[in-house]
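Chemist: Let me give you the structure first, and then I'll get to my questions.
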Amino acid sequence: MDWFVRAFIKASVAWLALGVLVGVAMAVHPVWTVYRPAHMHMTLLGFVTMMIYGVAYHVLPRFTGNPLRNRTAAGVHWWVSNVGLALMVVGFGLRANAAPFATLLLGVGGALAGAGAYIFAYLVWRTVDGYPRPQAAKPRPAASESARSQIVQIASRS
């Protein structure tokens with residue numbers, strides 16, 4: 001299993017645990033429902049989407065018979081998506097407390113998470129379609145049958 005597949009699945013489970021923690025905290029202290037956007041993003045973008053990313057990167061190359069288009073980009077995708085989501089969650093938490101730079105964090109985090117989604121879309125599209133692989137040089141054909149017969153005729157004349 002590729003490292004980024006394992007990382008996406010583990011990140012998914014970590015985001016689930018954090019999302020459930022915030023959900024339970026909101027249930028215990030209803031005034032904390034101001035953190036609902038953070039909770040929703042942890043569970044939907046964190047748990048669900050990260051799990052989809054990890055499973056897709058593992059399964060689609062096997063289903064299609066094509067290798068993943070770019071493994072380095074998949075690793076970058078993991079970093080971009082998780083850093084983006086973390087910034088968004090912090091931004092939502094700070095926005096609930098009227099912090100002036102919360103919108104900046106949300107914007108940067110959202111842009112990173114969106115970039116991650118576009119990286120995923122590109123990689124899946126190119127993997128499903130396949131892509132040209134360099135082909136080995138074709139071996140030179142042996143002498144044709146007609147060339148052989150000509151050589152035999154010339155040799156028999158002598």
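By order of appearance in the structure tokens: chains A, B, ..., then residues from 1 within every chain, and ligands from 1 in the order shown.
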Which residues are near segment 60-75 of chain A? Cut-off 8 Å, only C-alpha atoms, ignore same chain within fewer than 2 positions. Put them as a VMD selection string.

Modeler: chain A and resid 4 56 to 58 77 to 79 119 to 120 123 to 124 126 to 128 130 to 131

Chemist: Report as JSON lines the residues of segment 52-108 of chain A within 12 Å of segment 17-32 of chain A, each with its shortest atom pair and distance in Å (one decimal), using only C-alpha atoms, ordered by chain and increasing residue number.

Modeler:
```
{"residue": "A:Ala86", "atom": "CA", "partner": "A:Leu18", "partner_atom": "CA", "distance": 11.2}
{"residue": "A:Val89", "atom": "CA", "partner": "A:Gly19", "partner_atom": "CA", "distance": 10.2}
{"residue": "A:Gly93", "atom": "CA", "partner": "A:Trp32", "partner_atom": "CA", "distance": 10.1}
{"residue": "A:Ala96", "atom": "CA", "partner": "A:Trp32", "partner_atom": "CA", "distance": 9.3}
{"residue": "A:Asn97", "atom": "CA", "partner": "A:Trp32", "partner_atom": "CA", "distance": 10.8}
```

Chemist: Would you give me, as a VMD selection string, the residues in segment 2-84 of chain A that DSSP reads as alpha helix (DSSP H)?

Modeler: chain A and resid 3 to 28 36 to 40 50 to 64 71 to 84

Chemist: Considering only C-alpha atoms, state which residue in the set A:Val80, A:Met42, A:Met88, A:Ile52 is at the smallest distance from Trp15 of chain A.

Modeler: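 Closest candidate: A:Met42.
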
Chemist: Kindly indicate which residue among A:Trp3, A:Phe92, A:Phe8, A:Tyr53 lies nearest to Arg36 of chain A, using only C-alpha atoms for the distances.

Modeler: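 Using only C-alpha atoms, Arg36 of chain A sits closest to A:Phe92.
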
Chemist: I'd like the interatomic distance between atom CA of Leu104 of chain A and atom CA of Ala11 of chain A, to a tenth of an Å.

Modeler: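 We find that atom CA of Leu104 of chain A and atom CA of Ala11 of chain A lie 24.0 Å from each other.
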
Chemist: Determine the nearest neighbour of Leu87 of chain A from the options A:Ser156, A:Ala113, A:Asp129, A:Ala99, counting only C-alpha atoms.

Modeler: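 Counting only C-alpha atoms, the residue closest to Leu87 of chain A is A:Ala113.
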